[in-house]
Every structure is written in C-alpha cells, then in structure tokens.
$ cat model_28.cif   # mmCIF, C-alpha atoms and all ligand atoms
data_my_file
#
loop_
_atom_site.label_atom_id
_atom_site.label_comp_id
_atom_site.auth_asym_id
_atom_site.auth_seq_id
_atom_site.Cartn_x
_atom_site.Cartn_y
_atom_site.Cartn_z
CA MET A 1 -21.43 -51.00 0.14
CA SER A 2 -24.35 -49.87 -1.98
CA ASN A 3 -24.15 -47.21 -4.65
CA THR A 4 -25.63 -44.52 -2.43
CA ASN A 5 -23.34 -41.74 -1.27
CA ILE A 6 -21.73 -42.13 2.13
CA LYS A 7 -23.04 -39.45 4.46
CA VAL A 8 -20.30 -37.36 6.03
CA GLY A 9 -20.49 -35.06 9.03
CA VAL A 10 -17.83 -32.37 9.44
CA ILE A 11 -16.97 -31.53 13.05
CA GLY A 12 -15.26 -28.15 13.22
CA ALA A 13 -16.29 -25.38 10.84
CA GLY A 14 -13.07 -23.35 11.18
CA ALA A 15 -10.36 -22.90 8.56
CA ILE A 16 -9.64 -26.57 7.95
CA GLY A 17 -13.23 -27.79 8.30
CA ASN A 18 -14.15 -25.35 5.55
CA ILE A 19 -11.46 -26.79 3.27
CA HIS A 20 -12.72 -30.34 3.89
CA MET A 21 -16.30 -29.29 3.06
CA GLY A 22 -15.05 -27.91 -0.26
CA ALA A 23 -13.12 -31.10 -1.04
CA PHE A 24 -16.05 -33.42 -0.24
CA ALA A 25 -18.38 -31.25 -2.35
CA LYS A 26 -16.22 -32.11 -5.39
CA ALA A 27 -15.76 -35.80 -4.54
CA GLU A 28 -17.76 -38.70 -5.90
CA GLY A 29 -19.36 -41.29 -3.65
CA ALA A 30 -19.91 -39.07 -0.62
CA GLU A 31 -21.78 -35.98 0.48
CA VAL A 32 -21.52 -33.72 3.49
CA ALA A 33 -24.88 -34.14 5.21
CA ALA A 34 -24.16 -32.31 8.46
CA VAL A 35 -21.78 -29.83 10.05
CA ALA A 36 -21.16 -29.13 13.73
CA ASP A 37 -19.20 -26.45 15.51
CA ALA A 38 -19.15 -25.37 19.13
CA TYR A 39 -19.83 -21.90 17.71
CA LEU A 40 -23.21 -22.46 16.05
CA PRO A 41 -23.28 -19.28 13.88
CA LEU A 42 -20.11 -20.40 12.10
CA ALA A 43 -21.59 -23.86 11.45
CA GLN A 44 -24.72 -22.17 10.07
CA GLN A 45 -22.65 -19.93 7.82
CA ARG A 46 -20.68 -22.89 6.42
CA ALA A 47 -23.88 -24.87 5.89
CA GLU A 48 -25.26 -22.03 3.79
CA GLU A 49 -22.03 -21.64 1.81
CA HIS A 50 -21.73 -25.36 1.05
CA GLY A 51 -25.44 -26.25 0.87
CA ILE A 52 -25.30 -28.63 3.85
CA GLY A 53 -28.69 -29.74 5.15
CA THR A 54 -28.15 -30.22 8.89
CA VAL A 55 -26.38 -27.96 11.38
CA HIS A 56 -25.44 -28.72 14.99
CA GLY A 57 -24.04 -26.57 17.78
CA SER A 58 -22.24 -29.53 19.35
CA PRO A 59 -20.33 -32.52 17.98
CA GLN A 60 -22.31 -34.87 20.24
CA GLU A 61 -25.56 -34.02 18.43
CA LEU A 62 -23.94 -34.87 15.11
CA LEU A 63 -22.45 -38.11 16.46
CA GLU A 64 -25.88 -39.22 17.73
CA ASP A 65 -27.25 -39.02 14.19
CA GLU A 66 -27.33 -42.64 12.99
CA SER A 67 -27.62 -41.64 9.33
CA ILE A 68 -24.05 -40.26 9.37
CA ASP A 69 -21.55 -42.88 8.12
CA ALA A 70 -18.29 -40.96 8.53
CA VAL A 71 -16.96 -37.84 10.19
CA VAL A 72 -14.15 -35.41 9.53
CA ILE A 73 -12.65 -34.07 12.75
CA GLY A 74 -11.11 -30.61 12.33
CA VAL A 75 -11.16 -29.05 15.79
CA PRO A 76 -8.37 -28.00 18.20
CA ASN A 77 -5.97 -30.87 18.91
CA GLN A 78 -7.11 -31.58 22.50
CA PHE A 79 -10.51 -32.70 21.19
CA HIS A 80 -9.16 -35.10 18.54
CA ALA A 81 -8.96 -38.15 20.83
CA PRO A 82 -12.28 -37.80 22.68
CA LEU A 83 -14.22 -37.07 19.49
CA ALA A 84 -12.50 -39.74 17.39
CA ILE A 85 -13.14 -42.34 20.08
CA GLU A 86 -16.79 -41.36 20.44
CA ALA A 87 -17.25 -41.44 16.67
CA LEU A 88 -15.67 -44.90 16.38
CA LYS A 89 -17.75 -46.20 19.29
CA ARG A 90 -20.85 -45.02 17.43
CA GLY A 91 -19.75 -46.98 14.36
CA LYS A 92 -18.56 -44.06 12.23
CA HIS A 93 -15.48 -43.92 10.03
CA VAL A 94 -13.10 -41.06 10.83
CA LEU A 95 -10.91 -38.72 8.80
CA LEU A 96 -8.87 -37.10 11.55
CA GLU A 97 -6.87 -33.90 11.27
CA LYS A 98 -3.24 -33.88 12.27
CA PRO A 99 -1.73 -34.29 14.80
CA MET A 100 -3.55 -37.47 15.78
CA ALA A 101 -3.68 -36.32 19.40
CA ILE A 102 -1.98 -33.98 21.84
CA ASP A 103 0.26 -36.83 23.04
CA SER A 104 0.98 -40.47 22.29
CA GLU A 105 -1.06 -41.81 25.20
CA ALA A 106 -4.18 -40.17 23.79
CA ALA A 107 -3.19 -41.32 20.28
CA ARG A 108 -2.86 -44.92 21.53
CA THR A 109 -6.43 -44.89 22.80
CA ILE A 110 -7.61 -43.92 19.30
CA VAL A 111 -5.61 -46.74 17.68
CA LEU A 112 -7.09 -49.28 20.11
CA GLU A 113 -10.64 -48.04 19.51
CA ALA A 114 -10.12 -48.04 15.74
CA GLU A 115 -8.93 -51.67 15.89
CA LYS A 116 -11.88 -52.65 18.08
CA SER A 117 -14.45 -50.92 15.89
CA GLY A 118 -13.14 -52.19 12.54
CA LYS A 119 -13.92 -48.76 11.08
CA VAL A 120 -11.57 -46.69 8.91
CA LEU A 121 -9.41 -44.23 10.83
CA MET A 122 -7.39 -42.14 8.42
CA MET A 123 -5.03 -39.27 9.19
CA SER A 124 -5.45 -36.07 7.19
CA HIS A 125 -1.88 -35.73 5.90
CA GLN A 126 -2.61 -34.21 2.50
CA MET A 127 1.10 -33.70 1.70
CA ARG A 128 1.34 -37.40 0.84
CA TRP A 129 -0.90 -36.68 -2.15
CA LYS A 130 0.88 -33.58 -3.50
CA ALA A 131 1.73 -34.00 -7.18
CA LEU A 132 5.46 -33.50 -6.59
CA ASN A 133 5.55 -35.74 -3.53
CA ARG A 134 3.79 -38.50 -5.47
CA ALA A 135 6.42 -38.16 -8.20
CA VAL A 136 9.19 -38.43 -5.61
CA LYS A 137 7.53 -41.52 -4.12
CA ALA A 138 7.35 -43.06 -7.59
CA ARG A 139 11.11 -42.49 -8.10
CA ILE A 140 11.86 -44.11 -4.75
CA ASP A 141 9.52 -47.05 -5.50
CA ALA A 142 11.20 -47.47 -8.93
CA GLY A 143 14.51 -48.07 -7.12
CA ASP A 144 16.26 -44.87 -8.32
CA VAL A 145 17.29 -43.87 -4.82
CA GLY A 146 18.13 -47.20 -3.17
CA PRO A 147 17.94 -47.62 0.58
CA ILE A 148 17.66 -44.18 2.23
CA TYR A 149 20.13 -43.81 5.10
CA ASN A 150 19.94 -40.10 5.87
CA ALA A 151 17.14 -37.56 5.68
CA LYS A 152 16.80 -33.90 6.54
CA ALA A 153 13.37 -32.40 6.81
CA GLY A 154 12.07 -29.12 8.06
CA TRP A 155 9.96 -26.05 7.77
CA PHE A 156 11.28 -22.68 8.92
CA ARG A 157 8.59 -20.09 9.25
CA LYS A 158 10.38 -16.90 10.15
CA LYS A 159 7.35 -14.92 11.28
CA GLY A 160 4.47 -17.37 11.36
CA ILE A 161 3.09 -17.87 14.88
CA PRO A 162 -0.60 -18.74 14.34
CA GLY A 163 -3.39 -17.44 16.58
CA TRP A 164 -1.23 -16.05 19.41
CA GLY A 165 -2.97 -16.77 22.73
CA SER A 166 -5.61 -19.03 21.16
CA TRP A 167 -5.59 -22.84 21.39
CA PHE A 168 -2.68 -22.91 18.92
CA THR A 169 -0.19 -21.55 21.46
CA ARG A 170 -1.42 -23.42 24.57
CA LYS A 171 0.27 -26.67 25.50
CA ASP A 172 -2.86 -28.19 27.09
CA GLN A 173 -4.95 -27.54 23.97
CA ALA A 174 -2.46 -28.00 21.12
CA GLY A 175 0.11 -30.34 22.69
CA GLY A 176 2.96 -28.09 21.51
CA GLY A 177 4.01 -25.45 18.99
CA PRO A 178 5.46 -25.72 15.47
CA LEU A 179 6.76 -29.23 16.11
CA ILE A 180 3.28 -30.71 16.52
CA ASP A 181 1.67 -28.20 14.12
CA ILE A 182 3.85 -28.18 10.99
CA GLY A 183 6.69 -30.49 12.05
CA VAL A 184 4.22 -33.38 12.13
CA HIS A 185 3.61 -32.94 8.39
CA MET A 186 7.33 -33.14 7.59
CA LEU A 187 7.81 -36.08 9.94
CA ASP A 188 4.88 -37.94 8.43
CA LEU A 189 5.98 -37.33 4.84
CA SER A 190 9.62 -38.24 5.57
CA LEU A 191 8.75 -41.54 7.24
CA TYR A 192 6.29 -42.38 4.46
CA LEU A 193 8.86 -41.70 1.72
CA MET A 194 11.50 -43.63 3.68
CA GLY A 195 9.24 -46.72 3.75
CA ASN A 196 7.89 -46.36 7.31
CA PRO A 197 10.94 -47.46 9.35
CA LYS A 198 10.26 -47.54 13.09
CA PRO A 199 11.87 -44.85 15.27
CA VAL A 200 14.16 -46.33 17.96
CA SER A 201 15.71 -43.27 19.60
CA VAL A 202 15.28 -39.52 19.63
CA TYR A 203 17.38 -36.57 20.76
CA GLY A 204 16.06 -33.04 20.53
CA SER A 205 15.72 -29.54 21.89
CA THR A 206 12.96 -26.97 21.76
CA TYR A 207 13.10 -23.21 22.31
CA ALA A 208 10.63 -20.36 22.88
CA GLU A 209 12.34 -17.08 22.04
CA PHE A 210 9.65 -15.21 20.09
CA GLY A 211 6.20 -16.31 21.28
CA PRO A 212 6.55 -15.30 24.94
CA LYS A 213 7.58 -11.80 23.77
CA ARG A 214 4.58 -11.59 21.38
CA GLU A 215 6.95 -11.42 18.43
CA GLY A 216 7.02 -13.44 15.21
CA ILE A 217 3.23 -13.33 14.78
CA GLY A 218 1.90 -14.69 11.46
CA THR A 219 -1.41 -14.51 9.64
CA TRP A 220 -3.00 -17.98 10.28
CA GLY A 221 -5.60 -18.17 13.07
CA THR A 222 -7.15 -15.43 15.19
CA PRO A 223 -5.04 -14.01 18.02
CA ASN A 224 -6.45 -13.80 21.54
CA TRP A 225 -4.42 -11.20 23.37
CA GLU A 226 -6.09 -12.22 26.64
CA GLY A 227 -4.63 -15.70 26.16
CA TYR A 228 -1.11 -16.99 26.67
CA TYR A 229 1.83 -18.69 24.97
CA ASP A 230 3.50 -21.70 26.62
CA VAL A 231 4.72 -23.77 23.64
CA GLU A 232 8.01 -23.81 21.70
CA ASP A 233 8.63 -21.69 18.61
CA LEU A 234 11.61 -23.72 17.31
CA ALA A 235 12.54 -27.39 17.55
CA SER A 236 15.54 -29.38 16.39
CA ALA A 237 15.78 -33.17 16.62
CA LEU A 238 17.63 -36.25 15.45
CA ILE A 239 15.61 -39.44 15.04
CA LYS A 240 17.29 -42.84 14.67
CA LEU A 241 15.35 -45.54 12.82
CA ASP A 242 15.38 -49.31 13.12
CA ASN A 243 16.97 -49.76 9.67
CA GLY A 244 19.98 -47.67 10.76
CA ALA A 245 18.83 -44.52 8.97
CA THR A 246 18.75 -41.09 10.62
CA LEU A 247 16.27 -38.28 10.15
CA SER A 248 16.90 -34.73 11.29
CA LEU A 249 13.85 -32.55 11.79
CA GLU A 250 14.02 -28.77 12.19
CA VAL A 251 10.99 -26.54 12.45
CA SER A 252 10.05 -23.07 13.56
CA TRP A 253 7.12 -20.72 13.63
CA ALA A 254 9.50 -17.81 14.13
CA ALA A 255 13.29 -17.64 13.82
CA HIS A 256 16.23 -15.49 12.79
CA ALA A 257 16.91 -17.87 9.92
CA ALA A 258 18.52 -15.92 7.12
CA GLY A 259 19.30 -18.09 4.09
CA LEU A 260 17.00 -20.98 5.03
CA PRO A 261 14.02 -21.51 2.73
CA GLU A 262 10.59 -20.40 4.00
CA ASP A 263 9.16 -23.44 2.20
CA PRO A 264 8.96 -26.91 3.70
CA PHE A 265 11.84 -29.15 2.64
CA ILE A 266 12.89 -32.79 2.63
CA HIS A 267 16.24 -34.15 1.45
CA LEU A 268 16.44 -37.93 1.23
CA MET A 269 19.84 -39.50 0.67
CA GLY A 270 20.01 -43.06 -0.59
CA THR A 271 22.79 -45.38 -1.70
CA LYS A 272 21.99 -44.97 -5.44
CA GLY A 273 20.66 -41.43 -5.54
CA GLY A 274 18.99 -38.65 -3.63
CA VAL A 275 15.75 -36.73 -3.86
CA SER A 276 15.04 -33.24 -2.62
CA ILE A 277 11.78 -31.41 -2.21
CA VAL A 278 11.99 -27.69 -1.49
CA GLY A 279 8.60 -26.05 -1.78
CA ASP A 280 7.33 -26.90 -5.25
CA ARG A 281 10.70 -27.90 -6.67
CA GLY A 282 11.88 -31.50 -6.79
CA THR A 283 15.41 -32.61 -7.68
CA TYR A 284 16.95 -36.02 -8.26
CA VAL A 285 20.70 -36.41 -7.84
CA THR A 286 23.10 -39.25 -8.53
CA HIS A 287 26.82 -39.67 -9.13
CA THR A 288 27.84 -40.87 -12.60
CA ASP A 289 31.55 -41.47 -13.39
CA ASN A 290 32.46 -39.44 -10.33
CA GLU A 291 30.36 -36.50 -11.55
CA VAL A 292 27.30 -35.15 -9.72
CA ALA A 293 24.28 -35.26 -12.03
CA GLU A 294 21.12 -33.41 -11.02
CA SER A 295 17.75 -33.43 -12.78
CA GLU A 296 14.40 -31.90 -12.04
CA ILE A 297 11.54 -34.12 -10.90
CA THR A 298 8.31 -33.32 -12.73
CA PRO A 299 5.18 -33.40 -10.57
CA LEU A 300 2.66 -36.11 -11.55
CA ASP A 301 -0.55 -35.12 -13.27
CA GLY A 302 -3.84 -35.51 -11.48
CA ASP A 303 -6.11 -33.88 -8.99
CA GLU A 304 -5.12 -31.59 -6.16
CA ASP A 305 -3.66 -33.19 -3.04
CA ARG A 306 -6.74 -32.67 -0.85
CA ASP A 307 -9.07 -33.98 -3.56
CA LEU A 308 -6.99 -37.15 -3.91
CA MET A 309 -6.82 -37.57 -0.16
CA THR A 310 -10.59 -37.19 0.12
CA SER A 311 -11.13 -39.75 -2.66
CA HIS A 312 -8.76 -42.16 -0.93
CA PHE A 313 -10.76 -41.85 2.30
CA ILE A 314 -14.04 -42.47 0.46
CA GLU A 315 -12.54 -45.49 -1.33
CA CYS A 316 -11.28 -46.93 1.97
CA VAL A 317 -14.71 -46.51 3.57
CA ARG A 318 -16.62 -47.94 0.61
CA GLU A 319 -14.28 -50.86 -0.01
CA GLY A 320 -13.10 -51.59 3.53
CA LYS A 321 -9.47 -50.79 2.68
CA GLN A 322 -6.69 -49.76 5.05
CA PRO A 323 -5.75 -46.10 4.38
CA ILE A 324 -2.13 -45.29 3.57
CA ALA A 325 -2.19 -42.52 6.21
CA SER A 326 -3.08 -45.09 8.86
CA ALA A 327 -3.87 -44.87 12.55
CA LEU A 328 -0.51 -46.51 13.25
CA SER A 329 1.33 -43.79 11.33
CA GLY A 330 -0.47 -41.10 13.35
CA TYR A 331 0.48 -42.86 16.58
CA THR A 332 4.12 -43.26 15.47
CA ASN A 333 4.30 -39.53 14.77
CA ASN A 334 2.92 -38.75 18.23
CA ARG A 335 5.47 -41.12 19.85
CA ILE A 336 8.32 -39.23 18.16
CA LEU A 337 6.91 -35.81 19.06
CA ASP A 338 6.55 -36.84 22.73
CA ALA A 339 10.12 -38.14 22.69
CA ILE A 340 11.47 -34.84 21.30
CA TYR A 341 9.69 -32.89 24.04
CA GLU A 342 10.94 -35.34 26.67
CA SER A 343 14.51 -35.20 25.38
CA SER A 344 14.39 -31.41 25.45
CA ARG A 345 13.11 -31.47 29.03
CA THR A 346 15.60 -34.03 30.35
CA GLY A 347 18.60 -33.37 28.14
CA ASN A 348 18.80 -37.12 27.39
CA GLU A 349 18.30 -39.35 24.40
CA VAL A 350 14.89 -41.08 24.54
CA LYS A 351 14.71 -44.74 23.49
CA LEU A 352 11.48 -46.00 21.95
CA SER A 353 10.40 -49.62 22.22
CA TRP A 354 7.62 -51.19 20.15
CA ASN A 355 6.66 -54.30 22.16
N1 LIG B 401 -3.85 -30.64 7.44
C1 LIG B 401 -3.46 -29.37 7.50
O1 LIG B 401 -2.67 -28.88 6.72
C2 LIG B 401 -4.05 -28.50 8.57
C3 LIG B 401 -4.05 -27.10 8.41
C4 LIG B 401 -4.62 -26.32 9.43
C5 LIG B 401 -5.15 -26.91 10.56
N2 LIG B 401 -5.11 -28.27 10.69
C6 LIG B 401 -5.66 -28.92 11.90
O2 LIG B 401 -7.08 -28.75 11.92
C7 LIG B 401 -7.52 -28.57 13.25
C8 LIG B 401 -8.31 -27.26 13.34
O3 LIG B 401 -7.49 -26.20 12.91
P1 LIG B 401 -8.12 -24.85 12.30
O4 LIG B 401 -6.99 -24.08 11.74
O5 LIG B 401 -9.29 -25.17 11.45
O6 LIG B 401 -8.62 -24.15 13.65
P2 LIG B 401 -9.75 -23.04 13.81
O7 LIG B 401 -9.50 -22.41 15.12
O8 LIG B 401 -9.84 -22.20 12.57
O9 LIG B 401 -11.12 -23.87 13.84
C9 LIG B 401 -11.44 -24.74 14.89
C10 LIG B 401 -12.96 -24.76 15.00
O10 LIG B 401 -13.30 -25.76 15.95
C11 LIG B 401 -14.38 -25.27 16.74
N3 LIG B 401 -14.36 -26.02 17.99
C12 LIG B 401 -13.53 -25.88 19.03
N4 LIG B 401 -13.76 -26.84 19.94
C13 LIG B 401 -14.78 -27.59 19.46
C14 LIG B 401 -15.46 -28.74 19.93
N5 LIG B 401 -15.14 -29.32 21.10
N6 LIG B 401 -16.46 -29.25 19.18
C15 LIG B 401 -16.80 -28.68 18.01
N7 LIG B 401 -16.18 -27.59 17.52
C16 LIG B 401 -15.18 -27.07 18.22
C17 LIG B 401 -14.11 -23.79 16.89
O11 LIG B 401 -15.30 -23.07 17.21
C18 LIG B 401 -13.57 -23.44 15.51
O12 LIG B 401 -14.57 -23.03 14.62
C19 LIG B 401 -6.28 -28.61 14.14
O13 LIG B 401 -6.12 -29.91 14.65
C20 LIG B 401 -5.14 -28.31 13.18
O14 LIG B 401 -3.91 -28.90 13.57
C21 LIG B 401 -4.60 -29.06 9.71
#
$ encode --input "model_28.cif" --output "structure tokens" --more "lines below"
Ligand SMILES: NC(=O)c1ccc[n+]([C@@H]2O[C@H](COP(=O)([O-])OP(=O)(O)OC[C@H]3O[C@@H](n4cnc5c(N)ncnc54)[C@H](O)[C@@H]3O)[C@@H](O)[C@H]2O)c1
Amino acid sequence: MSNTNIKVGVIGAGAIGNIHMGAFAKAEGAEVAAVADAYLPLAQQRAEEHGIGTVHGSPQELLEDESIDAVVIGVPNQFHAPLAIEALKRGKHVLLEKPMAIDSEAARTIVLEAEKSGKVLMMSHQMRWKALNRAVKARIDAGDVGPIYNAKAGWFRKKGIPGWGSWFTRKDQAGGGPLIDIGVHMLDLSLYLMGNPKPVSVYGSTYAEFGPKREGIGTWGTPNWEGYYDVEDLASALIKLDNGATLSLEVSWAAHAAGLPEDPFIHLMGTKGGVSIVGDRGTYVTHTDNEVAESEITPLDGDEDRDLMTSHFIECVREGKQPIASALSGYTNNRILDAIYESSRTGNEVKLSWN
C-alpha cells in the first residue's frame, strides 16, 4: 500500500462510534473521512467535533463511496452482520464492534464473506490490548503459567442495566443481555489468554430477575420507557475446551452480589502458576517449597488499549496481515453464547462440533 492515509468511514455515531473517531484521530496511517448514522443530526455533530469532512444519514450512502478503504461498524448488534457483509462485498476492510453478530448463524455469514473478499475483518475487543492484559499474556507466553487447565472469568455489574427498553434490552436487536454485551469481552479475553482452545461443550443458565421489574438500571445508554426488556440480566456457564481445560463464565447487569468485585475478573490456573486479573490489579501465583508465593504483575508501558487496537487494525490493512482479534474468534464467541442460551432453554449440555 502507498504512503497515503487509509480512508476510514465510521458507521454509528453513538457512544462507541465517538470513541473510535477519537482513536483514529490520534493514529498514524489513517484518517476518518466520513461518518454515517441513521440519526443524521448526531452524525453532523460528531463530524464537527472531530473535523470529519463527509456526513451521511445512512450507512448505505457511506458504503457506496468508493474512496473509503475501511469502515468501523459501531451500531446496534442486529445490524453488524448486514453492514459488515455489505462493506466486505464493496471491497472495504472492517473493524467490527462486539459481539460479532446477534447469533452464530449471522456471524458465520460474515466469516464466509470475509474469506471470500480477502479483506481484513477485525473484532473490536480492546481488552486484548490493555496494558495489564498484555503483561499477563507476556507471562503466559514466557512459560510462567504452564498449560492452563481451569479458568474463571466474569463481570458482575450490580446495578448496570444499559438503556432499558432500547435496543440493548431487546433480544431481536441485541441478541441477549449481559452475556452478549459484557460477557463476550471476558469470553474473548479468556480464550485468547488460554491460547484459543476450541470449545467442545457448554452448560449454562440465564436469569431475568431485575430487568422485567425495571430495577437494576445503570447509567450507560438512553432508556426508552416505551420499550421492553426480554433478555437475561445474569448468566452462569461452564465451557469445556478441546484441550481438556474448563472455563466458567459468570456475568450480570444487575444482581444481589455482595462481596463479588464490580470489576471484570479473570483467574487462569496453570500447572506451573496462575494469573489473576481483577480490575486493574494483576497477580501471579506459584507454589515454591510447598508455600504459596504471590507477586504483583506490572502493566506494560505503551499506548492506551484502544489506540493500540486501532494501530493494529491499520497495520493489518496496510500490510495485509491477519488481525489477532480475527473473524474466527468472533464466530467462536458467538457459537459459545448461542450454546449457553440453548443450554439454558433446554436444560441440557450443548455439544459443539467444528467440522
Ligand atoms: N467494545 C466495547 O467496549 C463497546 C462498548 C460499548 C458498545 N459497544 C458496541 O458498540 C455498538 C454500539 O453501541 P453504543 O453503545 O455506541 O450504542 P448507541 O445506542 O450509543 O449508538 C448506536 C448508534 O447507531 C445508530 N444506528 C442505529 N441503527 C443504525 C443503522 N442501521 N445504521 C446507522 N446507524 C445506526 C444510532 O442512531 C446510534 O447513534 C454495539 O454493538 C455495542 O455492543 C462496544
């Protein structure tokens, strides 16, 4: 690719689209040339704030613009698959917000289109680039942990239902509740740190004890009291992996969870040592002469997570590299999420095959 900046279009000017515009403004090798939102005044406002030249009131207008090389998709989950597929068909690279899609069938169609197009399809899982999480990955890669055979990950928001009644709390628009919203981050990071083992079976349950009563409302998103709530507000699951390891995943938007941290957490237990991430604190543990020895893990220096993620996307586009947050990882996450919902519905373990 030449030395000129890649031209990026941001689809979705809401909370996350705004964050992406800020990250691309700081990045080298790319510039945001256009923004689109179904609500044109918001797109216009963002364009003014970020100095973006072209504004559209529909994603289709932006996708028809042949000068745009890559798009960021930051709209409600139900639109991820149709917009990603259209973008890929039009020869654009895609940085796609999580979750990849509202279900694994829709996610599979994105993977197939990405393979056909040969363009970069990267998932926006910024947690992989957090300074502490990079330090933990480095410890694992250095062999300090050994093979990881058990992991516990979760995120308990105690009063954090986003946008009650809006797309966030509607199954047909979001695909689910906290499991697909914040659980997908913990699932993605756990599998990445564990070396991407394949899930083979899943057992789980979901509950909705706060949302239907309009309780447990948080501050993210804008409520729509004319809307409705038909997703879970707590999920608990056990995922078995093809290397024999197990991962338990526990998430809530709202819960009576005294004593549990509000922060996201991951505990990874290996044969040589263990690593824990609780919020911004990382700990390494090992047993020496039958004594438990714990030490703090220092976050790595460097840019902010979203800035590094943005740079990685630009590098992949410019150099034709495969992103570490790949289309396959997004699809794998969606397969597991579907299986948890299915297991909750049927009461049975769900087996996953990969042929
Ligand atoms: N990576 C993260 O940590 C993170 C954090 C928050 C949200 N997200 C994801 O980002 C996406 C958007 O979330 P948000 O919090 O910004 O939501 P939001 O409601 O703040 O913004 C969504 C925007 O999309 C626009 N929109 C809706 N349908 C559209 C369409 N068909 N075409 C164009 N624009 C459309 C809306 O007008 C709105 O401005 C979701 O998929 C969410 O899961 C990711």
$ closest_residue --input "model_28.cif" --among "A:Leu62, A:Val10, A:Ile297, A:Ala254" --to "Phe24 of chain A" --atoms "all atoms listed in the file"
A:Val10
$ residues_around --input "model_28.cif" --residues "Arg214 of chain A" --least-positions-apart "2" --cutoff "10 Å" --atoms "all atoms listed in the file" --output "list in words"
Ile161, Trp164, Gly165, Glu209, Phe210, Gly211, Pro212, Gly216, Ile217, Trp225, Tyr228 and Tyr229 of chain A
$ residues_near_ligand --input "model_28.cif" --ligand "ligand LIG 401 (chain B)" --cutoff "6 Å" --atoms "all atoms listed in the file" --output "list in words"
Ile11, Gly12, Ala13, Gly14, Ala15, Ile16, Gly17, Asp37, Ala38, Tyr39, Ser58, Pro59, Gly74, Val75, Pro76, Asn77, Phe79, Glu97, Lys98, Pro99, Ser124, His125, Asp181 and Gly221 of chain A
$ atom_distance --input "model_28.cif" --atom1 "atom CA of Gly259 of chain A" --atom2 "atom CA of Asp233 of chain A"
18.4 Å
$ atom_distance --input "model_28.cif" --atom1 "atom CA of Ser67 of chain A" --atom2 "atom CA of Lys26 of chain A"
20.9 Å
$ residues_around --input "model_28.cif" --residues "segment 101-109 of chain A" --least-positions-apart "5" --cutoff "6 Å" --atoms "all atoms listed in the file" --output "ChimeraX atom specification"
/A:77-78,80-81,175,331,334-335
$ closest_atom_pairs --input "model_28.cif" --of "segment 180-225 of chain A" --to "segment 318-326 of chain A" --cutoff "12 Å" --atoms "all atoms listed in the file" --output "tab-separated table"
residue	atom	partner	partner_atom	distance
A:His185	CA	A:Ala325	CA	11.4
A:Asp188	CA	A:Ala325	CA	8.7
A:Leu189	CA	A:Ala325	CA	9.8
A:Leu191	CA	A:Ala325	CA	11.0
A:Tyr192	CA	A:Ala325	CA	8.7
A:Leu193	CA	A:Ile324	CA	11.7
A:Gly195	CA	A:Ile324	CA	11.5
A:Asn196	CA	A:Ile324	CA	10.7
$ write_last_selection --input "model_28.cif" --atoms "C-alpha atoms" --output "PDB file, keeping the file's coordinate frame"
ATOM      1  CA  HIS A 185       3.610 -32.940   8.390  1.00  0.00           C
ATOM      2  CA  ASP A 188       4.880 -37.940   8.430  1.00  0.00           C
ATOM      3  CA  LEU A 189       5.980 -37.330   4.840  1.00  0.00           C
ATOM      4  CA  LEU A 191       8.750 -41.540   7.240  1.00  0.00           C
ATOM      5  CA  TYR A 192       6.290 -42.380   4.460  1.00  0.00           C
ATOM      6  CA  LEU A 193       8.860 -41.700   1.720  1.00  0.00           C
ATOM      7  CA  GLY A 195       9.240 -46.720   3.750  1.00  0.00           C
ATOM      8  CA  ASN A 196       7.890 -46.360   7.310  1.00  0.00           C
TER       9      ASN A 196
END
$ closest_residue --input "model_28.cif" --among "A:Tyr207, A:Phe313, A:Phe156, A:Tyr341" --to "Ala258 of chain A" --atoms "only C-alpha atoms"
A:Phe156
$ closest_residue --input "model_28.cif" --among "A:Arg170, A:His50, A:Lys240, A:Lys116" --to "Ala151 of chain A" --atoms "only C-alpha atoms"
A:Lys240
$ atom_distance --input "model_28.cif" --atom1 "atom CA of Ile180 of chain A" --atom2 "atom CA of Leu337 of chain A"
6.8 Å
$ build_atoms --input "model_28.cif" --residues "segment 9-13 of chain A" --atoms "all heavy atoms" --output "PDB file, in the frame of the given file"
ATOM      1  N   GLY A   9     -20.271 -36.200   8.145  1.00  0.00           N
ATOM      2  CA  GLY A   9     -20.490 -35.060   9.030  1.00  0.00           C
ATOM      3  C   GLY A   9     -19.150 -34.395   9.299  1.00  0.00           C
ATOM      4  O   GLY A   9     -18.166 -35.087   9.592  1.00  0.00           O
ATOM      5  N   VAL A  10     -19.079 -33.083   9.174  1.00  0.00           N
ATOM      6  CA  VAL A  10     -17.830 -32.370   9.440  1.00  0.00           C
ATOM      7  C   VAL A  10     -17.929 -31.723  10.821  1.00  0.00           C
ATOM      8  O   VAL A  10     -18.838 -30.929  11.068  1.00  0.00           O
ATOM      9  CB  VAL A  10     -17.538 -31.313   8.357  1.00  0.00           C
ATOM     10  CG1 VAL A  10     -16.270 -30.522   8.698  1.00  0.00           C
ATOM     11  CG2 VAL A  10     -17.374 -31.989   6.991  1.00  0.00           C
ATOM     12  N   ILE A  11     -17.000 -32.099  11.691  1.00  0.00           N
ATOM     13  CA  ILE A  11     -16.970 -31.530  13.050  1.00  0.00           C
ATOM     14  C   ILE A  11     -15.848 -30.509  13.099  1.00  0.00           C
ATOM     15  O   ILE A  11     -14.674 -30.845  12.945  1.00  0.00           O
ATOM     16  CB  ILE A  11     -16.751 -32.640  14.097  1.00  0.00           C
ATOM     17  CG1 ILE A  11     -17.896 -33.666  14.029  1.00  0.00           C
ATOM     18  CG2 ILE A  11     -16.646 -32.037  15.498  1.00  0.00           C
ATOM     19  CD1 ILE A  11     -17.728 -34.853  14.963  1.00  0.00           C
ATOM     20  N   GLY A  12     -16.221 -29.256  13.277  1.00  0.00           N
ATOM     21  CA  GLY A  12     -15.260 -28.150  13.220  1.00  0.00           C
ATOM     22  C   GLY A  12     -15.468 -27.398  11.919  1.00  0.00           C
ATOM     23  O   GLY A  12     -15.204 -27.935  10.840  1.00  0.00           O
ATOM     24  N   ALA A  13     -15.976 -26.170  12.041  1.00  0.00           N
ATOM     25  CA  ALA A  13     -16.290 -25.380  10.840  1.00  0.00           C
ATOM     26  C   ALA A  13     -15.282 -24.241  10.655  1.00  0.00           C
ATOM     27  O   ALA A  13     -15.550 -23.272   9.959  1.00  0.00           O
ATOM     28  CB  ALA A  13     -17.712 -24.822  10.950  1.00  0.00           C
TER      29      ALA A  13
END
